[in-house]
file coords-v4.cif (mmCIF, C-alpha atoms)
data_input
#
loop_
_atom_site.group_PDB
_atom_site.id
_atom_site.type_symbol
_atom_site.label_atom_id
_atom_site.label_comp_id
_atom_site.auth_asym_id
_atom_site.auth_seq_id
_atom_site.Cartn_x
_atom_site.Cartn_y
_atom_site.Cartn_z
ATOM 1 C CA MET O 166 106.091 88.535 80.357
ATOM 2 C CA LYS O 167 104.832 91.240 82.704
ATOM 3 C CA LYS O 168 107.324 93.255 84.741
ATOM 4 C CA GLU O 169 107.434 92.493 88.456
ATOM 5 C CA MET O 170 106.441 95.124 91.014
ATOM 6 C CA GLU O 171 105.451 95.325 94.675
ATOM 7 C CA LEU O 172 102.734 97.341 96.408
ATOM 8 C CA TYR O 173 102.761 98.991 99.818
ATOM 9 C CA LEU O 174 99.539 100.303 101.391
ATOM 10 C CA HIS O 175 99.746 102.645 104.359
ATOM 11 C CA ILE O 176 97.020 102.656 107.016
ATOM 12 C CA PRO O 177 98.087 105.421 109.434
ATOM 13 C CA PHE O 178 95.600 104.783 112.239
ATOM 14 C CA CYS O 179 96.324 103.335 115.675
ATOM 15 C CA VAL O 180 94.462 103.001 118.967
ATOM 16 C CA LYS O 181 97.188 104.903 120.792
ATOM 17 C CA LYS O 182 100.577 106.040 119.555
ATOM 18 C CA CYS O 183 103.334 104.117 121.349
ATOM 19 C CA ASP O 184 105.820 106.167 123.353
ATOM 20 C CA TYR O 185 108.789 105.172 121.149
ATOM 21 C CA CYS O 186 107.022 105.484 117.775
ATOM 22 C CA ASP O 187 107.965 108.105 115.172
ATOM 23 C CA PHE O 188 106.058 106.479 112.294
ATOM 24 C CA LEU O 189 103.306 108.321 110.424
ATOM 25 C CA SER O 190 100.455 107.165 112.660
ATOM 26 C CA PHE O 191 97.750 108.592 114.887
ATOM 27 C CA PRO O 192 94.343 107.825 116.427
ATOM 28 C CA ALA O 193 91.241 108.857 114.449
ATOM 29 C CA ASP O 194 87.478 108.531 114.689
ATOM 30 C CA GLU O 195 85.421 106.219 112.490
ATOM 31 C CA SER O 196 84.337 108.951 110.066
ATOM 32 C CA ILE O 197 87.973 109.808 109.259
ATOM 33 C CA LYS O 198 88.821 106.134 108.782
ATOM 34 C CA ARG O 199 85.896 105.702 106.383
ATOM 35 C CA GLU O 200 86.881 108.815 104.430
ATOM 36 C CA TYR O 201 90.483 107.616 104.276
ATOM 37 C CA VAL O 202 89.464 104.223 102.901
ATOM 38 C CA GLU O 203 87.369 105.879 100.195
ATOM 39 C CA THR O 204 90.292 108.147 99.263
ATOM 40 C CA LEU O 205 92.689 105.190 99.169
ATOM 41 C CA LYS O 206 90.297 103.297 96.898
ATOM 42 C CA ARG O 207 90.119 106.314 94.552
ATOM 43 C CA GLU O 208 93.911 106.478 94.471
ATOM 44 C CA ILE O 209 94.089 102.770 93.602
ATOM 45 C CA GLU O 210 91.521 103.278 90.835
ATOM 46 C CA LYS O 211 93.440 106.239 89.434
ATOM 47 C CA VAL O 212 96.972 104.874 89.421
ATOM 48 C CA GLY O 213 96.211 101.214 88.729
ATOM 49 C CA GLU O 214 95.655 101.783 85.020
ATOM 50 C CA ARG O 215 99.248 102.995 84.636
ATOM 51 C CA TYR O 216 100.664 99.654 85.748
ATOM 52 C CA ARG O 217 98.528 97.137 83.881
ATOM 53 C CA ASN O 218 101.693 95.849 82.212
ATOM 54 C CA CYS O 219 103.132 94.875 85.607
ATOM 55 C CA GLN O 220 102.545 91.819 87.769
ATOM 56 C CA VAL O 221 102.289 92.438 91.498
ATOM 57 C CA SER O 222 104.380 89.816 93.298
ATOM 58 C CA THR O 223 103.920 91.056 96.875
ATOM 59 C CA ILE O 224 101.655 93.432 98.800
ATOM 60 C CA PHE O 225 102.360 94.792 102.276
ATOM 61 C CA VAL O 226 99.748 96.612 104.360
ATOM 62 C CA GLY O 227 101.524 98.618 107.063
ATOM 63 C CA GLY O 228 100.860 101.421 109.474
ATOM 64 C CA GLY O 229 99.906 102.471 112.023
ATOM 65 C CA THR O 230 97.828 99.478 112.966
ATOM 66 C CA PRO O 231 95.908 98.231 109.897
ATOM 67 C CA SER O 232 94.131 95.625 112.041
ATOM 68 C CA ILE O 233 92.086 98.284 113.883
ATOM 69 C CA LEU O 234 90.193 99.031 110.660
ATOM 70 C CA ASN O 235 86.780 97.486 110.182
ATOM 71 C CA SER O 236 87.701 94.311 108.312
ATOM 72 C CA SER O 237 85.039 94.990 105.680
ATOM 73 C CA TYR O 238 87.158 98.008 104.668
ATOM 74 C CA ILE O 239 90.114 95.704 104.036
ATOM 75 C CA VAL O 240 87.918 93.535 101.811
ATOM 76 C CA GLU O 241 86.771 96.623 99.880
ATOM 77 C CA ILE O 242 90.348 97.827 99.379
ATOM 78 C CA PHE O 243 91.499 94.470 98.036
ATOM 79 C CA ASP O 244 88.491 94.160 95.748
ATOM 80 C CA VAL O 245 89.585 97.400 94.072
ATOM 81 C CA LEU O 246 93.245 96.351 94.056
ATOM 82 C CA ARG O 247 92.494 93.125 92.231
ATOM 83 C CA ARG O 248 90.355 94.936 89.665
ATOM 84 C CA LYS O 249 92.995 97.546 88.895
ATOM 85 C CA PHE O 250 96.266 95.616 89.299
ATOM 86 C CA HIS O 251 97.412 92.253 88.024
ATOM 87 C CA VAL O 252 98.093 90.438 91.301
ATOM 88 C CA ALA O 253 100.016 87.186 90.844
ATOM 89 C CA GLY O 254 98.238 84.043 91.959
ATOM 90 C CA ASN O 255 101.109 83.188 94.301
ATOM 91 C CA ALA O 256 101.570 86.743 95.602
ATOM 92 C CA GLU O 257 102.738 87.159 99.184
ATOM 93 C CA ILE O 258 100.185 89.464 100.833
ATOM 94 C CA SER O 259 101.178 90.651 104.312
ATOM 95 C CA MET O 260 99.445 92.824 106.881
ATOM 96 C CA GLU O 261 100.635 94.231 110.186
ATOM 97 C CA VAL O 262 98.370 93.420 113.123
ATOM 98 C CA ASN O 263 98.422 94.354 116.772
ATOM 99 C CA PRO O 264 97.589 91.692 119.369
ATOM 100 C CA GLY O 265 94.340 92.596 121.058
ATOM 101 C CA THR O 266 92.778 93.904 117.837
ATOM 102 C CA VAL O 267 92.310 90.423 116.335
ATOM 103 C CA THR O 268 88.912 88.724 116.183
ATOM 104 C CA LYS O 269 87.618 85.621 114.429
ATOM 105 C CA GLU O 270 85.481 87.786 112.133
ATOM 106 C CA LYS O 271 88.432 89.985 111.159
ATOM 107 C CA LEU O 272 90.665 86.989 110.497
ATOM 108 C CA SER O 273 87.977 85.457 108.271
ATOM 109 C CA ASP O 274 87.599 88.700 106.314
ATOM 110 C CA TRP O 275 91.359 89.108 105.941
ATOM 111 C CA ARG O 276 91.581 85.610 104.506
ATOM 112 C CA ARG O 277 88.690 86.431 102.174
ATOM 113 C CA ALA O 278 90.611 89.511 101.012
ATOM 114 C CA GLY O 279 93.536 87.252 100.099
ATOM 115 C CA ILE O 280 95.916 88.168 102.925
ATOM 116 C CA ASN O 281 98.151 85.163 103.536
ATOM 117 C CA ARG O 282 100.809 86.506 105.904
ATOM 118 C CA LEU O 283 100.369 88.368 109.201
ATOM 119 C CA SER O 284 103.045 90.349 111.017
ATOM 120 C CA MET O 285 102.225 90.592 114.724
ATOM 121 C CA GLY O 286 103.735 93.436 116.723
ATOM 122 C CA LEU O 287 104.454 91.688 120.016
ATOM 123 C CA GLN O 288 107.699 93.566 120.940
ATOM 124 C CA SER O 289 108.073 91.840 124.342
ATOM 125 C CA ALA O 290 106.750 88.827 126.251
ATOM 126 C CA ASP O 291 107.068 90.787 129.515
ATOM 127 C CA ASN O 292 103.905 92.705 130.433
ATOM 128 C CA ARG O 293 105.898 95.245 132.441
ATOM 129 C CA GLU O 294 108.035 96.033 129.405
ATOM 130 C CA LEU O 295 104.939 96.301 127.204
ATOM 131 C CA LYS O 296 103.406 98.800 129.605
ATOM 132 C CA ARG O 297 106.644 100.804 129.630
ATOM 133 C CA LEU O 298 106.554 100.917 125.818
ATOM 134 C CA GLY O 299 102.980 102.206 125.834
ATOM 135 C CA ARG O 300 101.650 99.111 124.051
ATOM 136 C CA ILE O 301 97.917 98.384 124.351
ATOM 137 C CA HIS O 302 98.227 94.582 124.584
ATOM 138 C CA THR O 303 99.590 91.941 126.953
ATOM 139 C CA TRP O 304 101.512 88.710 126.377
ATOM 140 C CA GLU O 305 98.236 86.875 126.962
ATOM 141 C CA ASP O 306 96.526 88.958 124.273
ATOM 142 C CA PHE O 307 99.295 87.963 121.870
ATOM 143 C CA LEU O 308 98.888 84.253 122.640
ATOM 144 C CA GLU O 309 95.149 84.494 122.004
ATOM 145 C CA SER O 310 95.627 86.396 118.733
ATOM 146 C CA PHE O 311 98.309 83.967 117.562
ATOM 147 C CA ARG O 312 96.092 80.961 118.381
ATOM 148 C CA ARG O 313 93.123 82.470 116.549
ATOM 149 C CA ALA O 314 95.245 83.189 113.470
ATOM 150 C CA ARG O 315 96.374 79.557 113.332
ATOM 151 C CA GLU O 316 92.812 78.312 113.771
ATOM 152 C CA GLU O 317 91.674 80.486 110.856
ATOM 153 C CA GLY O 318 94.318 78.931 108.613
ATOM 154 C CA PHE O 319 97.150 81.466 108.603
ATOM 155 C CA SER O 320 100.279 79.403 108.033
ATOM 156 C CA ASN O 321 102.768 82.249 107.562
ATOM 157 C CA LEU O 322 103.160 84.385 110.684
ATOM 158 C CA ASN O 323 105.842 86.880 111.659
ATOM 159 C CA VAL O 324 106.393 88.209 115.173
ATOM 160 C CA ASP O 325 108.100 91.571 115.745
ATOM 161 C CA LEU O 326 110.294 91.843 118.843
ATOM 162 C CA MET O 327 112.311 94.721 120.296
ATOM 163 C CA SER O 328 115.498 94.502 122.373
ATOM 164 C CA ALA O 329 117.548 96.996 124.411
ATOM 165 C CA LEU O 330 114.412 98.306 126.116
ATOM 166 C CA PRO O 331 114.530 100.517 129.219
ATOM 167 C CA GLY O 332 115.286 98.342 132.234
ATOM 168 C CA GLN O 333 115.631 95.201 130.112
ATOM 169 C CA THR O 334 118.240 92.604 131.121
ATOM 170 C CA MET O 335 119.862 89.924 129.017
ATOM 171 C CA ASP O 336 117.883 87.269 130.901
ATOM 172 C CA GLY O 337 114.662 89.178 130.238
ATOM 173 C CA TRP O 338 115.397 89.444 126.521
ATOM 174 C CA MET O 339 116.256 85.763 126.263
ATOM 175 C CA GLU O 340 112.985 84.887 128.003
ATOM 176 C CA THR O 341 111.081 86.894 125.351
ATOM 177 C CA LEU O 342 112.957 85.035 122.594
ATOM 178 C CA LYS O 343 112.293 81.637 124.178
ATOM 179 C CA ARG O 344 108.589 82.292 124.709
ATOM 180 C CA THR O 345 108.193 83.584 121.155
ATOM 181 C CA ALA O 346 110.130 80.777 119.474
ATOM 182 C CA ALA O 347 108.063 78.245 121.444
ATOM 183 C CA GLN O 348 104.995 79.405 119.481
ATOM 184 C CA GLU O 349 106.793 78.394 116.257
ATOM 185 C CA PRO O 350 106.083 81.397 114.025
ATOM 186 C CA GLU O 351 107.554 81.095 110.537
ATOM 187 C CA HIS O 352 109.447 84.384 110.871
ATOM 188 C CA ILE O 353 110.815 86.570 113.679
ATOM 189 C CA SER O 354 111.962 90.179 113.331
ATOM 190 C CA ALA O 355 114.152 91.294 116.237
ATOM 191 C CA TYR O 356 115.006 94.992 116.264
ATOM 192 C CA SER O 357 117.030 97.012 118.729
ATOM 193 C CA LEU O 358 115.179 100.025 120.150
ATOM 194 C CA ILE O 359 116.196 103.345 118.608
ATOM 195 C CA ILE O 360 115.329 106.486 120.571
ATOM 196 C CA GLU O 361 113.913 108.947 118.027
ATOM 197 C CA GLU O 362 113.648 112.705 118.500
ATOM 198 C CA GLY O 363 110.124 114.021 118.957
ATOM 199 C CA THR O 364 108.868 110.959 120.834
ATOM 200 C CA PRO O 365 108.021 110.654 124.546
ATOM 201 C CA PHE O 366 110.905 108.176 124.788
ATOM 202 C CA TYR O 367 113.340 110.853 123.615
ATOM 203 C CA GLU O 368 112.158 113.159 126.367
ATOM 204 C CA ARG O 369 112.524 110.335 128.868
ATOM 205 C CA TYR O 370 115.698 108.594 127.716
ATOM 206 C CA GLY O 371 117.405 110.902 125.213
ATOM 207 C CA GLY O 372 119.804 112.604 127.624
ATOM 208 C CA LYS O 373 122.703 111.286 129.691
ATOM 209 C CA LYS O 374 120.453 110.689 132.680
ATOM 210 C CA GLY O 375 118.010 108.729 130.550
ATOM 211 C CA GLU O 376 120.758 106.655 128.936
ATOM 212 C CA ALA O 377 121.530 105.174 132.340
ATOM 213 C CA LEU O 378 118.116 103.458 132.231
ATOM 214 C CA LEU O 379 118.886 101.740 128.910
ATOM 215 C CA PRO O 380 121.135 98.713 128.337
ATOM 216 C CA ASP O 381 124.638 99.902 127.432
ATOM 217 C CA GLU O 382 126.197 99.405 123.985
ATOM 218 C CA ASP O 383 128.027 96.235 125.003
ATOM 219 C CA THR O 384 124.829 94.662 126.329
ATOM 220 C CA ASP O 385 122.932 95.737 123.214
ATOM 221 C CA ARG O 386 125.590 94.112 121.027
ATOM 222 C CA ASP O 387 125.567 90.946 123.141
ATOM 223 C CA MET O 388 121.777 90.763 122.809
ATOM 224 C CA TYR O 389 122.158 90.860 119.029
ATOM 225 C CA HIS O 390 124.723 88.034 118.944
ATOM 226 C CA LYS O 391 122.818 85.849 121.405
ATOM 227 C CA THR O 392 119.636 86.415 119.389
ATOM 228 C CA ARG O 393 121.317 85.042 116.297
ATOM 229 C CA GLU O 394 122.765 82.061 118.164
ATOM 230 C CA PHE O 395 119.549 81.167 119.951
ATOM 231 C CA LEU O 396 117.261 81.512 116.934
ATOM 232 C CA ALA O 397 119.682 79.478 114.816
ATOM 233 C CA SER O 398 119.386 76.697 117.411
ATOM 234 C CA CYS O 399 115.591 76.874 116.921
ATOM 235 C CA GLY O 400 115.845 76.554 113.134
ATOM 236 C CA TYR O 401 115.642 80.232 112.170
ATOM 237 C CA GLU O 402 118.155 81.489 109.620
ATOM 238 C CA ARG O 403 119.220 85.149 109.688
ATOM 239 C CA TYR O 404 118.825 86.512 106.160
ATOM 240 C CA GLU O 405 118.976 90.227 107.005
ATOM 241 C CA ILE O 406 120.429 92.063 109.986
ATOM 242 C CA SER O 407 117.230 91.920 112.065
ATOM 243 C CA ASN O 408 115.206 89.208 110.312
ATOM 244 C CA TYR O 409 115.127 85.476 110.928
ATOM 245 C CA ALA O 410 113.077 82.847 109.113
ATOM 246 C CA LYS O 411 112.447 79.153 108.901
ATOM 247 C CA PRO O 412 113.830 77.823 105.576
ATOM 248 C CA GLY O 413 111.791 79.189 102.661
ATOM 249 C CA ARG O 414 109.805 81.586 104.861
ATOM 250 C CA GLU O 415 111.801 84.764 104.284
ATOM 251 C CA CYS O 416 109.669 87.865 103.695
ATOM 252 C CA ARG O 417 109.559 88.186 99.907
ATOM 253 C CA HIS O 418 108.353 91.790 100.112
ATOM 254 C CA ASN O 419 111.387 92.919 102.116
ATOM 255 C CA ILE O 420 113.764 90.970 99.892
ATOM 256 C CA GLY O 421 112.237 92.881 96.976
ATOM 257 C CA TYR O 422 113.115 96.187 98.660
ATOM 258 C CA TRP O 423 116.699 95.087 99.190
ATOM 259 C CA THR O 424 117.168 93.745 95.661
ATOM 260 C CA GLY O 425 115.707 96.734 93.814
ATOM 261 C CA VAL O 426 112.306 95.411 92.751
ATOM 262 C CA PRO O 427 110.140 98.442 91.828
ATOM 263 C CA TYR O 428 107.456 99.244 94.387
ATOM 264 C CA LEU O 429 104.468 101.547 94.456
ATOM 265 C CA GLY O 430 103.312 103.131 97.721
ATOM 266 C CA LEU O 431 99.619 103.908 98.154
ATOM 267 C CA GLY O 432 98.136 105.919 100.989
ATOM 268 C CA LEU O 433 99.222 108.768 103.228
ATOM 269 C CA GLY O 434 102.979 109.424 103.069
ATOM 270 C CA ALA O 435 103.642 106.191 101.176
ATOM 271 C CA ALA O 436 106.955 106.046 99.298
ATOM 272 C CA SER O 437 107.544 104.567 95.848
ATOM 273 C CA TYR O 438 110.501 103.467 93.721
ATOM 274 C CA ILE O 439 109.590 103.165 90.051
ATOM 275 C CA GLU O 440 111.999 103.144 87.083
ATOM 276 C CA GLY O 441 114.860 104.305 89.311
ATOM 277 C CA ILE O 442 112.918 107.300 90.645
ATOM 278 C CA ARG O 443 111.881 107.720 94.287
ATOM 279 C CA PHE O 444 108.804 109.753 95.183
ATOM 280 C CA SER O 445 106.150 109.798 97.883
ATOM 281 C CA ASN O 446 102.631 110.943 98.718
ATOM 282 C CA THR O 447 101.896 113.901 100.959
ATOM 283 C CA ARG O 448 102.172 113.296 104.704
ATOM 284 C CA ASN O 449 99.415 115.840 105.367
ATOM 285 C CA LEU O 450 96.132 114.036 106.049
ATOM 286 C CA LYS O 451 93.949 116.965 105.014
ATOM 287 C CA GLU O 452 95.766 117.255 101.696
ATOM 288 C CA TYR O 453 95.563 113.511 101.087
ATOM 289 C CA LEU O 454 91.836 113.348 101.801
ATOM 290 C CA ALA O 455 91.247 116.295 99.458
ATOM 291 C CA GLY O 456 92.204 114.079 96.524
ATOM 292 C CA SER O 457 94.401 111.130 95.632
ATOM 293 C CA ARG O 458 97.468 111.454 93.464
ATOM 294 C CA GLY O 459 96.836 112.696 89.931
#

call {"tool": "encode", "arguments": {"input": "coords-v4.cif", "output": "structure tokens"}}
result
Amino acid sequence: MKKEMELYLHIPFCVKKCDYCDFLSFPADESIKREYVETLKREIEKVGERYRNCQVSTIFVGGGTPSILNSSYIVEIFDVLRRKFHVAGNAEISMEVNPGTVTKEKLSDWRRAGINRLSMGLQSADNRELKRLGRIHTWEDFLESFRRAREEGFSNLNVDLMSALPGQTMDGWMETLKRTAAQEPEHISAYSLIIEEGTPFYERYGGKKGEALLPDEDTDRDMYHKTREFLASCGYERYEISNYAKPGRECRHNIGYWTGVPYLGLGLGAASYIEGIRFSNTRNLKEYLAGSRG
């Protein structure tokens, strides 16, 4: 029996870096994206042979915003993946998408690539809050993207939400939860905003003066408890501190992280955990493009 492993693919590109984001992501022109995809494919070719004795149970494509890539690139990447790795027939294959970057053609290509789970970064159902976060989409964009995904046959959808936002009230947060749950996604991730150094949000809200614009600790804690209560009433079970799922729809990839399943990270800055050893790729784009891991 083959050993189980997971794969993570990092796509670092985004339309515009959000004001709160400290992830390894940045805008890039089409030539850089094309070169990156070719380098990622070479890395997959090179390292895949080492793990032929393993069965890939889950794949997660994160970023950045993977959905801004030309969808034909996603198909190319997965063609190489399936040639070089033994991907289980029932593998959970997730990809992060940003509302407003979703088209019928892309959804069709993603399905053709074998992606069977989408994680939509909504964050808020309030357009004023989205603008404050520096997001490029609106609530209406999300509804359209969600509808299109359902029409194209995606039956496993996650929605990412963020609480304790600047100027956010308890009533505002509950309205976001209610609007989101009404769409009946299979999974909801609800994170509390963390102000990270080096981001525009840290400059804006990192000091004492800025803290006054954020919900206080008691309100933040109350938001967490009310989130759990409300989502439970809608049929979502909390299975991790910030993750809620309909029965049987927990994210298998994340559960693998928490239970120690080995995982291999591919792409810029991607981290791995193999045979008890943690390692990662370079975070320098120029170095990464110069050659994939040896």

call {"tool": "resolve_selection", "arguments": {"input": "coords-v4.cif", "expression": "the PyMOL selection byres ((chain O and resi 285-289) around 7)", "output": "PyMOL selection string"}}
result
chain O and resi 261-264+283-284+290-291+294-295+307+323-327+341

call {"tool": "resolve_selection", "arguments": {"input": "coords-v4.cif", "expression": "the PyMOL selection byres ((chain O and resi 188) around 12)", "output": "JSON, numbers by chain"}}
result
{"O": [175, 176, 177, 178, 179, 182, 183, 184, 185, 186, 187, 189, 190, 191, 227, 228, 229, 230, 361, 362, 363, 364, 433, 434, 435, 448]}

call {"tool": "resolve_selection", "arguments": {"input": "coords-v4.cif", "expression": "the PyMOL selection byres ((chain O and resi 417) around 10)", "output": "MDAnalysis selection string"}}
result
chainID O and resid 171 222:224 256:259 413:416 418:423

call {"tool": "closest_residue", "arguments": {"input": "coords-v4.cif", "among": "O:Glu316, O:Leu272, O:His251, O:Glu452", "to": "Arg215 of chain O", "atoms": "all atoms listed in the file"}}
result
O:His251

call {"tool": "closest_residue", "arguments": {"input": "coords-v4.cif", "among": "O:Ala193, O:Ile301, O:Val221, O:Ala278", "to": "Val245 of chain O", "atoms": "only C-alpha atoms"}}
result
O:Ala278

call {"tool": "closest_residue", "arguments": {"input": "coords-v4.cif", "among": "O:Ser437, O:Ala346, O:Leu330, O:Ala355", "to": "Thr384 of chain O", "atoms": "only C-alpha atoms"}}
result
O:Leu330

call {"tool": "atom_distance", "arguments": {"input": "coords-v4.cif", "atom1": "atom CA of Leu454 of chain O", "atom2": "atom CA of Met260 of chain O"}}
result
22.5 Å

call {"tool": "closest_residue", "arguments": {"input": "coords-v4.cif", "among": "O:Ser357, O:Ser407, O:Thr204, O:Thr447", "to": "Pro331 of chain O", "atoms": "only C-alpha atoms"}}
result
O:Ser357

call {"tool": "residues_near_point", "arguments": {"input": "coords-v4.cif", "point": "(120.9, 87.5, 108.6)", "cutoff": "12 Å", "atoms": "only C-alpha atoms", "output": "number ranges by chain"}}
result
O: 353-355, 389-390, 392-394, 396-397, 401-411, 415, 420

call {"tool": "atom_distance", "arguments": {"input": "coords-v4.cif", "atom1": "atom CA of Leu429 of chain O", "atom2": "atom CA of Asn235 of chain O"}}
result
24.0 Å

call {"tool": "closest_residue", "arguments": {"input": "coords-v4.cif", "among": "O:Pro192, O:Arg282, O:Gly430, O:Glu340", "to": "Asn321 of chain O", "atoms": "only C-alpha atoms"}}
result
O:Arg282

call {"tool": "atom_distance", "arguments": {"input": "coords-v4.cif", "atom1": "atom CA of Lys198 of chain O", "atom2": "atom CA of Lys181 of chain O"}}
result
14.7 Å

call {"tool": "closest_residue", "arguments": {"input": "coords-v4.cif", "among": "O:Phe250, O:Trp304, O:Tyr428, O:Tyr438", "to": "Tyr216 of chain O", "atoms": "all atoms listed in the file"}}
result
O:Phe250

call {"tool": "axis_aligned_box", "arguments": {"input": "coords-v4.cif", "around": "segment 392-404 of chain O", "padding_each_side": "6 Å", "output": "AutoDock Vina command-line options"}}
result
--center_x 119.2 --center_y 81.5 --center_z 113.1 --size_x 19.2 --size_y 22.0 --size_z 25.8
